[in-house]
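Everything below belongs to query_13.pdb, which stores PDB, C-alpha atoms, pLDDT in the B column.
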```pdb
MODEL        1
ATOM      1  CA  MET A 310      51.747  27.431 -78.384  1.00 84.00           C
ATOM      2  CA  SER A 311      54.001  29.562 -80.563  1.00 88.00           C
ATOM      3  CA  HIS A 312      57.581  30.506 -79.728  1.00 89.00           C
ATOM      4  CA  PHE A 313      56.519  34.072 -78.994  1.00 91.00           C
ATOM      5  CA  GLU A 314      53.676  33.000 -76.709  1.00 94.00           C
ATOM      6  CA  ALA A 315      56.063  30.761 -74.780  1.00 94.00           C
ATOM      7  CA  LEU A 316      58.451  33.696 -74.470  1.00 94.00           C
ATOM      8  CA  LEU A 317      55.713  36.003 -73.176  1.00 95.00           C
ATOM      9  CA  LEU A 318      54.552  33.368 -70.688  1.00 96.00           C
ATOM     10  CA  PHE A 319      58.075  32.772 -69.418  1.00 96.00           C
ATOM     11  CA  ALA A 320      58.772  36.494 -69.051  1.00 97.00           C
ATOM     12  CA  ALA A 321      55.437  37.093 -67.316  1.00 97.00           C
ATOM     13  CA  LEU A 322      56.085  34.358 -64.756  1.00 97.00           C
ATOM     14  CA  VAL A 323      59.766  34.951 -64.052  1.00 97.00           C
ATOM     15  CA  SER A 324      59.732  38.766 -63.888  1.00 97.00           C
ATOM     16  CA  PRO A 325      57.550  39.114 -60.741  1.00 97.00           C
ATOM     17  CA  ALA A 326      59.627  36.512 -58.903  1.00 97.00           C
ATOM     18  CA  LEU A 327      62.885  38.252 -59.810  1.00 97.00           C
ATOM     19  CA  ALA A 328      61.390  41.589 -58.784  1.00 97.00           C
ATOM     20  CA  CYS A 329      60.447  40.230 -55.356  1.00 96.00           C
ATOM     21  CA  LEU A 330      63.935  38.771 -54.935  1.00 96.00           C
ATOM     22  CA  LEU A 331      65.853  41.866 -55.993  1.00 95.00           C
ATOM     23  CA  ARG A 332      63.710  44.792 -54.794  1.00 95.00           C
ATOM     24  CA  GLU A 333      62.147  45.570 -51.441  1.00 92.00           C
ATOM     25  CA  GLU A 334      59.513  48.263 -51.966  1.00 94.00           C
ATOM     26  CA  THR A 335      56.288  47.551 -53.839  1.00 94.00           C
ATOM     27  CA  GLY A 336      56.734  50.401 -56.323  1.00 96.00           C
ATOM     28  CA  ALA A 337      60.301  49.387 -57.099  1.00 96.00           C
ATOM     29  CA  ARG A 338      59.167  45.794 -57.556  1.00 97.00           C
ATOM     30  CA  ILE A 339      56.489  46.758 -60.048  1.00 97.00           C
ATOM     31  CA  ARG A 340      58.925  48.891 -62.027  1.00 97.00           C
ATOM     32  CA  PHE A 341      61.563  46.153 -61.983  1.00 97.00           C
ATOM     33  CA  ALA A 342      59.041  43.518 -63.089  1.00 97.00           C
ATOM     34  CA  LEU A 343      57.906  45.671 -66.003  1.00 98.00           C
ATOM     35  CA  TRP A 344      61.479  46.414 -67.060  1.00 97.00           C
ATOM     36  CA  SER A 345      62.405  42.753 -66.702  1.00 97.00           C
ATOM     37  CA  PHE A 346      59.424  41.693 -68.816  1.00 97.00           C
ATOM     38  CA  ALA A 347      60.311  44.265 -71.455  1.00 97.00           C
ATOM     39  CA  GLY A 348      63.944  43.168 -71.311  1.00 97.00           C
ATOM     40  CA  PHE A 349      63.151  39.487 -71.801  1.00 96.00           C
ATOM     41  CA  THR A 350      60.825  40.093 -74.724  1.00 96.00           C
ATOM     42  CA  GLY A 351      62.736  42.949 -76.320  1.00 96.00           C
ATOM     43  CA  PHE A 352      66.081  41.177 -76.173  1.00 96.00           C
ATOM     44  CA  ALA A 353      64.621  37.968 -77.599  1.00 94.00           C
ATOM     45  CA  VAL A 354      62.928  39.846 -80.440  1.00 93.00           C
ATOM     46  CA  ALA A 355      66.139  41.776 -81.159  1.00 95.00           C
ATOM     47  CA  VAL A 356      68.224  38.589 -81.206  1.00 94.00           C
ATOM     48  CA  GLY A 357      65.597  36.965 -83.415  1.00 91.00           C
ATOM     49  CA  TRP A 358      65.858  39.775 -85.970  1.00 93.00           C
ATOM     50  CA  LEU A 359      69.667  39.645 -85.750  1.00 95.00           C
ATOM     51  CA  MET A 360      69.635  35.915 -86.463  1.00 92.00           C
ATOM     52  CA  PHE A 361      67.232  36.545 -89.351  1.00 92.00           C
ATOM     53  CA  ALA A 362      69.534  39.212 -90.769  1.00 92.00           C
ATOM     54  CA  LEU A 363      72.652  37.091 -90.402  1.00 92.00           C
ATOM     55  CA  GLY A 364      70.934  34.074 -91.885  1.00 85.00           C
ATOM     56  CA  ALA A 365      69.622  35.959 -94.930  1.00 67.00           C
TER
ATOM     57  CA  MET B1248      56.367  26.326 -31.750  1.00 44.00           C
ATOM     58  CA  LEU B1249      59.446  27.176 -33.755  1.00 48.00           C
ATOM     59  CA  PRO B1250      62.842  27.429 -32.103  1.00 49.00           C
ATOM     60  CA  ARG B1251      64.092  31.002 -31.808  1.00 49.00           C
ATOM     61  CA  VAL B1252      67.460  32.642 -32.283  1.00 48.00           C
ATOM     62  CA  ASN B1253      68.387  34.659 -29.223  1.00 44.00           C
ATOM     63  CA  ASP B1254      72.155  34.823 -29.350  1.00 43.00           C
ATOM     64  CA  PRO B1255      72.979  38.557 -29.179  1.00 42.00           C
ATOM     65  CA  GLY B1256      76.354  37.964 -30.788  1.00 41.00           C
ATOM     66  CA  THR B1257      75.014  36.739 -34.104  1.00 43.00           C
ATOM     67  CA  ARG B1258      74.158  39.004 -36.977  1.00 46.00           C
ATOM     68  CA  GLY B1259      70.494  39.702 -37.435  1.00 45.00           C
ATOM     69  CA  SER B1260      69.506  38.707 -33.953  1.00 44.00           C
ATOM     70  CA  GLU B1261      68.322  42.171 -32.951  1.00 48.00           C
ATOM     71  CA  ARG B1262      64.763  40.880 -33.003  1.00 52.00           C
ATOM     72  CA  PRO B1263      64.448  38.246 -30.297  1.00 52.00           C
ATOM     73  CA  ASP B1264      61.360  36.743 -31.961  1.00 62.00           C
ATOM     74  CA  ARG B1265      63.180  35.972 -35.211  1.00 64.00           C
ATOM     75  CA  PRO B1266      62.586  32.324 -36.161  1.00 66.00           C
ATOM     76  CA  GLU B1267      65.420  29.867 -36.485  1.00 84.00           C
ATOM     77  CA  PRO B1268      66.626  30.360 -40.115  1.00 86.00           C
ATOM     78  CA  LEU B1269      66.536  26.693 -41.011  1.00 91.00           C
ATOM     79  CA  ALA B1270      62.764  26.466 -40.517  1.00 91.00           C
ATOM     80  CA  PRO B1271      61.771  29.035 -43.178  1.00 92.00           C
ATOM     81  CA  CYS B1272      64.421  27.645 -45.523  1.00 94.00           C
ATOM     82  CA  ALA B1273      63.086  24.118 -45.143  1.00 94.00           C
ATOM     83  CA  LEU B1274      59.523  25.323 -45.707  1.00 94.00           C
ATOM     84  CA  ALA B1275      60.602  27.380 -48.734  1.00 94.00           C
ATOM     85  CA  LEU B1276      62.313  24.329 -50.179  1.00 93.00           C
ATOM     86  CA  ALA B1277      59.218  22.201 -49.575  1.00 94.00           C
ATOM     87  CA  VAL B1278      56.652  24.672 -50.925  1.00 95.00           C
ATOM     88  CA  PRO B1279      57.664  27.773 -52.921  1.00 96.00           C
ATOM     89  CA  GLY B1280      56.905  30.926 -50.928  1.00 95.00           C
ATOM     90  CA  LEU B1281      55.954  29.230 -47.675  1.00 95.00           C
ATOM     91  CA  GLY B1282      59.190  30.292 -46.000  1.00 94.00           C
ATOM     92  CA  HIS B1283      58.412  33.939 -46.721  1.00 95.00           C
ATOM     93  CA  VAL B1284      54.908  33.492 -45.336  1.00 95.00           C
ATOM     94  CA  LEU B1285      56.448  32.167 -42.123  1.00 93.00           C
ATOM     95  CA  LEU B1286      58.661  35.260 -42.032  1.00 93.00           C
ATOM     96  CA  GLY B1287      55.617  37.521 -42.271  1.00 92.00           C
ATOM     97  CA  ARG B1288      55.953  38.333 -45.977  1.00 94.00           C
ATOM     98  CA  ARG B1289      52.669  36.889 -47.150  1.00 95.00           C
ATOM     99  CA  GLY B1290      52.431  38.909 -50.362  1.00 95.00           C
ATOM    100  CA  THR B1291      55.946  38.004 -51.429  1.00 96.00           C
ATOM    101  CA  GLY B1292      55.321  34.367 -50.584  1.00 96.00           C
ATOM    102  CA  GLY B1293      52.157  34.419 -52.663  1.00 97.00           C
ATOM    103  CA  VAL B1294      54.013  35.845 -55.654  1.00 97.00           C
ATOM    104  CA  PHE B1295      56.689  33.158 -55.358  1.00 97.00           C
ATOM    105  CA  PHE B1296      54.111  30.389 -55.029  1.00 97.00           C
ATOM    106  CA  ALA B1297      52.124  31.602 -58.040  1.00 97.00           C
ATOM    107  CA  SER B1298      55.139  32.295 -60.257  1.00 97.00           C
ATOM    108  CA  ILE B1299      57.099  29.144 -59.505  1.00 97.00           C
ATOM    109  CA  GLY B1300      54.036  26.923 -59.296  1.00 96.00           C
ATOM    110  CA  LEU B1301      52.724  28.121 -62.657  1.00 97.00           C
ATOM    111  CA  LEU B1302      56.172  27.802 -64.252  1.00 96.00           C
ATOM    112  CA  PHE B1303      56.309  24.202 -63.080  1.00 96.00           C
ATOM    113  CA  LEU B1304      52.750  23.385 -64.171  1.00 96.00           C
ATOM    114  CA  PHE B1305      53.190  24.987 -67.593  1.00 96.00           C
ATOM    115  CA  GLY B1306      56.460  23.084 -67.950  1.00 96.00           C
ATOM    116  CA  LEU B1307      54.626  19.814 -67.395  1.00 96.00           C
ATOM    117  CA  ARG B1308      51.785  20.906 -69.675  1.00 95.00           C
ATOM    118  CA  MET B1309      54.298  21.662 -72.415  1.00 94.00           C
ATOM    119  CA  GLU B1310      55.485  18.032 -72.326  1.00 94.00           C
ATOM    120  CA  GLY B1311      58.664  18.895 -70.440  1.00 94.00           C
ATOM    121  CA  GLU B1312      60.634  16.117 -68.812  1.00 94.00           C
ATOM    122  CA  LEU B1313      61.500  15.543 -65.175  1.00 95.00           C
ATOM    123  CA  PHE B1314      64.973  14.214 -65.760  1.00 94.00           C
ATOM    124  CA  PRO B1315      66.255  11.147 -63.911  1.00 90.00           C
ATOM    125  CA  LEU B1316      69.219  11.476 -61.566  1.00 91.00           C
ATOM    126  CA  ASP B1317      71.581   9.572 -63.812  1.00 88.00           C
ATOM    127  CA  PRO B1318      75.208   9.907 -62.650  1.00 90.00           C
ATOM    128  CA  THR B1319      76.481   8.606 -65.996  1.00 93.00           C
ATOM    129  CA  ALA B1320      74.977  11.649 -67.774  1.00 93.00           C
ATOM    130  CA  PRO B1321      76.229  14.757 -65.950  1.00 93.00           C
ATOM    131  CA  LEU B1322      74.035  17.277 -67.802  1.00 94.00           C
ATOM    132  CA  THR B1323      70.935  15.186 -67.213  1.00 93.00           C
ATOM    133  CA  LEU B1324      71.922  14.821 -63.563  1.00 95.00           C
ATOM    134  CA  LEU B1325      72.280  18.606 -63.183  1.00 96.00           C
ATOM    135  CA  ALA B1326      68.955  19.214 -64.906  1.00 95.00           C
ATOM    136  CA  GLY B1327      67.279  16.681 -62.619  1.00 94.00           C
ATOM    137  CA  LEU B1328      68.802  18.268 -59.515  1.00 96.00           C
ATOM    138  CA  ALA B1329      67.647  21.713 -60.657  1.00 96.00           C
ATOM    139  CA  GLU B1330      64.111  20.452 -61.193  1.00 96.00           C
ATOM    140  CA  MET B1331      64.071  18.951 -57.712  1.00 96.00           C
ATOM    141  CA  GLY B1332      64.392  22.493 -56.354  1.00 95.00           C
ATOM    142  CA  VAL B1333      60.609  22.958 -56.414  1.00 95.00           C
ATOM    143  CA  GLY B1334      60.297  20.407 -53.602  1.00 92.00           C
ATOM    144  CA  THR B1335      56.818  19.077 -52.976  1.00 94.00           C
ATOM    145  CA  LEU B1336      55.609  19.922 -56.480  1.00 94.00           C
ATOM    146  CA  TYR B1337      58.376  17.749 -57.905  1.00 95.00           C
ATOM    147  CA  VAL B1338      57.500  14.860 -55.590  1.00 94.00           C
ATOM    148  CA  ALA B1339      53.785  15.187 -56.379  1.00 95.00           C
ATOM    149  CA  ALA B1340      54.457  15.224 -60.116  1.00 95.00           C
ATOM    150  CA  ARG B1341      56.693  12.170 -59.812  1.00 94.00           C
ATOM    151  CA  LEU B1342      54.094  10.290 -57.766  1.00 94.00           C
ATOM    152  CA  ALA B1343      51.383  11.216 -60.263  1.00 94.00           C
ATOM    153  CA  GLY B1344      53.503   9.904 -63.113  1.00 92.00           C
ATOM    154  CA  TRP B1345      53.766  13.284 -64.807  1.00 93.00           C
ATOM    155  CA  GLY B1346      56.841  14.693 -66.469  1.00 91.00           C
ATOM    156  CA  GLU B1347      57.722  11.717 -68.625  1.00 91.00           C
ATOM    157  CA  GLY B1348      58.504  14.151 -71.411  1.00 88.00           C
ATOM    158  CA  VAL B1349      57.672  13.884 -75.101  1.00 93.00           C
ATOM    159  CA  PRO B1350      60.810  14.742 -77.102  1.00 93.00           C
ATOM    160  CA  ALA B1351      58.787  14.730 -80.311  1.00 93.00           C
ATOM    161  CA  ALA B1352      56.523  17.505 -79.030  1.00 93.00           C
ATOM    162  CA  ALA B1353      57.180  20.983 -80.400  1.00 91.00           C
ATOM    163  CA  THR B1354      57.199  22.448 -76.881  1.00 92.00           C
ATOM    164  CA  TYR B1355      59.420  19.780 -75.272  1.00 94.00           C
ATOM    165  CA  GLU B1356      62.480  22.026 -74.958  1.00 94.00           C
ATOM    166  CA  TYR B1357      60.398  24.910 -73.650  1.00 94.00           C
ATOM    167  CA  GLY B1358      58.770  22.558 -71.172  1.00 95.00           C
ATOM    168  CA  TYR B1359      61.944  21.325 -69.547  1.00 95.00           C
ATOM    169  CA  ALA B1360      63.379  24.849 -69.597  1.00 96.00           C
ATOM    170  CA  PHE B1361      60.335  25.979 -67.593  1.00 97.00           C
ATOM    171  CA  LEU B1362      60.801  23.059 -65.164  1.00 97.00           C
ATOM    172  CA  ILE B1363      64.504  23.744 -64.649  1.00 97.00           C
ATOM    173  CA  VAL B1364      63.972  27.484 -64.175  1.00 97.00           C
ATOM    174  CA  ALA B1365      61.180  26.813 -61.662  1.00 97.00           C
ATOM    175  CA  GLY B1366      63.534  24.665 -59.579  1.00 97.00           C
ATOM    176  CA  LEU B1367      66.451  27.089 -59.752  1.00 97.00           C
ATOM    177  CA  LEU B1368      64.201  30.045 -58.976  1.00 97.00           C
ATOM    178  CA  ASN B1369      62.947  28.286 -55.864  1.00 97.00           C
ATOM    179  CA  LEU B1370      66.524  27.682 -54.745  1.00 97.00           C
ATOM    180  CA  LEU B1371      67.057  31.457 -54.984  1.00 97.00           C
ATOM    181  CA  VAL B1372      63.889  31.898 -52.931  1.00 97.00           C
ATOM    182  CA  VAL B1373      65.320  29.560 -50.282  1.00 96.00           C
ATOM    183  CA  LEU B1374      68.499  31.656 -50.127  1.00 96.00           C
ATOM    184  CA  ASP B1375      66.365  34.810 -49.902  1.00 96.00           C
ATOM    185  CA  ALA B1376      64.450  33.308 -46.972  1.00 95.00           C
ATOM    186  CA  TRP B1377      67.776  32.553 -45.290  1.00 95.00           C
ATOM    187  CA  ASP B1378      68.958  36.132 -45.759  1.00 94.00           C
ATOM    188  CA  ILE B1379      65.734  37.515 -44.315  1.00 94.00           C
ATOM    189  CA  ALA B1380      65.713  35.098 -41.395  1.00 93.00           C
ATOM    190  CA  THR B1381      69.303  35.906 -40.477  1.00 91.00           C
ATOM    191  CA  GLY B1382      68.751  39.657 -40.829  1.00 89.00           C
ATOM    192  CA  ARG B1383      71.018  40.107 -43.830  1.00 88.00           C
ATOM    193  CA  LYS B1384      68.138  41.454 -45.875  1.00 86.00           C
ATOM    194  CA  GLY B1385      65.409  43.896 -44.933  1.00 78.00           C
ATOM    195  CA  ASP B1386      63.027  43.865 -42.023  1.00 62.00           C
ATOM    196  CA  GLU B1387      60.192  41.402 -42.448  1.00 46.00           C
ATOM    197  CA  ALA B1388      57.822  43.655 -40.554  1.00 48.00           C
ATOM    198  CA  ALA B1389      58.302  46.465 -43.073  1.00 50.00           C
ATOM    199  CA  ALA B1390      58.091  44.482 -46.298  1.00 54.00           C
ATOM    200  CA  PRO B1391      54.901  43.307 -48.004  1.00 59.00           C
TER
ENDMDL
END
```

Exercise: express the given structure as structure tokens:
Amino acid sequence: MSHFEALLLFAALVSPALACLLREETGARIRFALWSFAGFTGFAVAVGWLMFALGA
Amino acid sequence: MLPRVNDPGTRGSERPDRPEPLAPCALALAVPGLGHVLLGRRGTGGVFFASIGLLFLFGLRMEGELFPLDPTAPLTLLAGLAEMGVGTLYVAARLAGWGEGVPAAATYEYGYAFLIVAGLLNLLVVLDAWDIATGRKGDEAAAP
């Protein structure tokens, strides 16, 4: 399993649980889960590129 | 039959059929999501069971370690306590001899991160069950 696959798996499993904890309505939960998933992956990719740039 | 909270002076006791808060918390601690099922939130309980259960299983599959409760190593002790948060899954894994951990494996760090997060997430679920049972959060009849 690659780093990115592990990241996607983690985000996919944690986001729905956080959405159910922090939102009440089904629609709000779905939106929160999608934003959370995007946040996990996007932030990790951004930090990865930042580390690449700083390390170059 | 579960004991009921009927004291009109306590917060969240508007519904006389509300279960005693300790029961759903204990069930949530034993099995992720079961406390929410007891509170009538079957869908939410199912999401918690699937998410936390899969996190834990993938953590084991990725050669993560179930850390010993070693008081001489505070960080290891905290990690072990966090992992215990998944309750029955932790006990079952221990009894089955899983979670020895393979530090040489490429996914070892990911594995124990998954295990720790699964335990901590279930502790949040326990607190959520408490809030619902005491009426501090939502109405269990209205939520999925």

key: Reference answer for the PyMOL selection byres ((chain B and resi 1361-1376) around 9), as a PyMOL selection string   = (chain A and resi 319+323+326-327+330) or (chain B and resi 1268+1271-1276+1278-1280+1282-1283+1286+1295+1298-1307+1309+1311-1313+1326-1334+1337+1356-1360+1377-1381+1384)

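Here atom CA of Ala1270 of chain B and atom CA of Arg1288 of chain B stand 14.7 Å from one another.
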
ask   = Can you tell me, as a list in words, what residues are no more than 6 Å from segment 334-347 of chain A when counting all atoms listed in the file, ignoring any on the same chain fewer than 4 positions away?
value =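 In the requested form, the answer reads Ala320, Ser324, Pro325, Ala328 and Gly351 of chain A.
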
inquiry  = Can you measure atom CA of Ala362 of chain A to atom CA of Glu314 of chain A for me? One decimal in Å is fine.
reply    =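 Distance between the two atoms: 22.1 Å.
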
message = Nearest residue to chain A out of B:Leu1269, B:Val1294, B:Ala1339, B:Leu1281, using only C-alpha atoms?
response =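 Checking each of B:Leu1269, B:Val1294, B:Ala1339, B:Leu1281 against chain A, counting only C-alpha atoms, the winner is B:Val1294.
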
ask   = For chain A, which residue among B:Leu1336, B:Ala1277, B:Leu1325, B:Ala1353 is the nearest when counting all atoms listed in the file?
value = B:Ala1353

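The coordinates place atom CA of Cys329 of chain A at 14.2 Å from atom CA of Gly1287 of chain B.
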
Please, what is the axis-aligned box for every listed atom of segment 1306-1309 of chain B with 3 Å on each side, as centre and edge lengths in Å to one decimal, as AutoDock Vina command-line options?
```
--center_x 54.1 --center_y 21.4 --center_z -69.9 --size_x 10.7 --size_y 9.3 --size_z 11.0
```

What would the file be for segment 325-348 of chain A if you keep N, CA and C atoms and write it as an mmCIF file, in the first residue's frame?
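Result file is out16.cif:
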```
data_model
loop_
_atom_site.group_PDB
_atom_site.id
_atom_site.type_symbol
_atom_site.label_atom_id
_atom_site.label_comp_id
_atom_site.auth_asym_id
_atom_site.auth_seq_id
_atom_site.Cartn_x
_atom_site.Cartn_y
_atom_site.Cartn_z
ATOM 1 N N PRO A 325 -16.661 9.966 7.478
ATOM 2 C CA PRO A 325 -18.066 9.690 7.820
ATOM 3 C C PRO A 325 -18.320 9.691 9.331
ATOM 4 N N ALA A 326 -17.351 9.169 10.089
ATOM 5 C CA ALA A 326 -17.531 9.136 11.544
ATOM 6 C C ALA A 326 -17.548 10.556 12.116
ATOM 7 N N LEU A 327 -16.626 11.395 11.637
ATOM 8 C CA LEU A 327 -16.616 12.783 12.110
ATOM 9 C C LEU A 327 -17.902 13.499 11.709
ATOM 10 N N ALA A 328 -18.381 13.221 10.502
ATOM 11 C CA ALA A 328 -19.614 13.859 10.041
ATOM 12 C C ALA A 328 -20.792 13.476 10.930
ATOM 13 N N CYS A 329 -20.864 12.219 11.321
ATOM 14 C CA CYS A 329 -21.970 11.775 12.185
ATOM 15 C C CYS A 329 -21.841 12.350 13.594
ATOM 16 N N LEU A 330 -20.609 12.629 14.016
ATOM 17 C CA LEU A 330 -20.420 13.209 15.348
ATOM 18 C C LEU A 330 -20.762 14.697 15.370
ATOM 19 N N LEU A 331 -20.464 15.374 14.272
ATOM 20 C CA LEU A 331 -20.510 16.849 14.290
ATOM 21 C C LEU A 331 -21.709 17.446 13.576
ATOM 22 N N ARG A 332 -22.467 16.653 12.839
ATOM 23 C CA ARG A 332 -23.652 17.155 12.138
ATOM 24 C C ARG A 332 -24.840 16.259 12.439
ATOM 25 N N GLU A 333 -26.030 16.847 12.381
ATOM 26 C CA GLU A 333 -27.234 16.103 12.735
ATOM 27 C C GLU A 333 -28.030 15.621 11.520
ATOM 28 N N GLU A 334 -28.207 16.507 10.531
ATOM 29 C CA GLU A 334 -29.044 16.139 9.391
ATOM 30 C C GLU A 334 -28.229 15.347 8.357
ATOM 31 N N THR A 335 -28.941 14.477 7.637
ATOM 32 C CA THR A 335 -28.252 13.607 6.674
ATOM 33 C C THR A 335 -27.526 14.406 5.600
ATOM 34 N N GLY A 336 -28.202 15.428 5.047
ATOM 35 C CA GLY A 336 -27.567 16.225 3.998
ATOM 36 C C GLY A 336 -26.317 16.929 4.495
ATOM 37 N N ALA A 337 -26.417 17.492 5.693
ATOM 38 C CA ALA A 337 -25.261 18.189 6.274
ATOM 39 C C ALA A 337 -24.126 17.206 6.547
ATOM 40 N N ARG A 338 -24.489 15.994 6.944
ATOM 41 C CA ARG A 338 -23.452 14.980 7.188
ATOM 42 C C ARG A 338 -22.715 14.618 5.912
ATOM 43 N N ILE A 339 -23.466 14.440 4.841
ATOM 44 C CA ILE A 339 -22.835 14.074 3.568
ATOM 45 C C ILE A 339 -21.900 15.191 3.109
ATOM 46 N N ARG A 340 -22.383 16.428 3.192
ATOM 47 C CA ARG A 340 -21.534 17.553 2.791
ATOM 48 C C ARG A 340 -20.279 17.640 3.664
ATOM 49 N N PHE A 341 -20.466 17.482 4.971
ATOM 50 C CA PHE A 341 -19.315 17.557 5.878
ATOM 51 C C PHE A 341 -18.316 16.441 5.581
ATOM 52 N N ALA A 342 -18.833 15.236 5.333
ATOM 53 C CA ALA A 342 -17.931 14.102 5.053
ATOM 54 C C ALA A 342 -17.130 14.354 3.780
ATOM 55 N N LEU A 343 -17.785 14.898 2.762
ATOM 56 C CA LEU A 343 -17.070 15.173 1.514
ATOM 57 C C LEU A 343 -16.016 16.261 1.707
ATOM 58 N N TRP A 344 -16.402 17.319 2.439
ATOM 59 C CA TRP A 344 -15.427 18.384 2.709
ATOM 60 C C TRP A 344 -14.276 17.877 3.570
ATOM 61 N N SER A 345 -14.591 17.046 4.539
ATOM 62 C CA SER A 345 -13.555 16.487 5.408
ATOM 63 C C SER A 345 -12.596 15.618 4.602
ATOM 64 N N PHE A 346 -13.159 14.777 3.731
ATOM 65 C CA PHE A 346 -12.316 13.925 2.883
ATOM 66 C C PHE A 346 -11.413 14.783 2.004
ATOM 67 N N ALA A 347 -12.011 15.798 1.386
ATOM 68 C CA ALA A 347 -11.221 16.690 0.533
ATOM 69 C C ALA A 347 -10.165 17.420 1.348
ATOM 70 N N GLY A 348 -10.529 17.808 2.577
ATOM 71 C CA GLY A 348 -9.585 18.515 3.434
ATOM 72 C C GLY A 348 -8.398 17.650 3.817
#
```
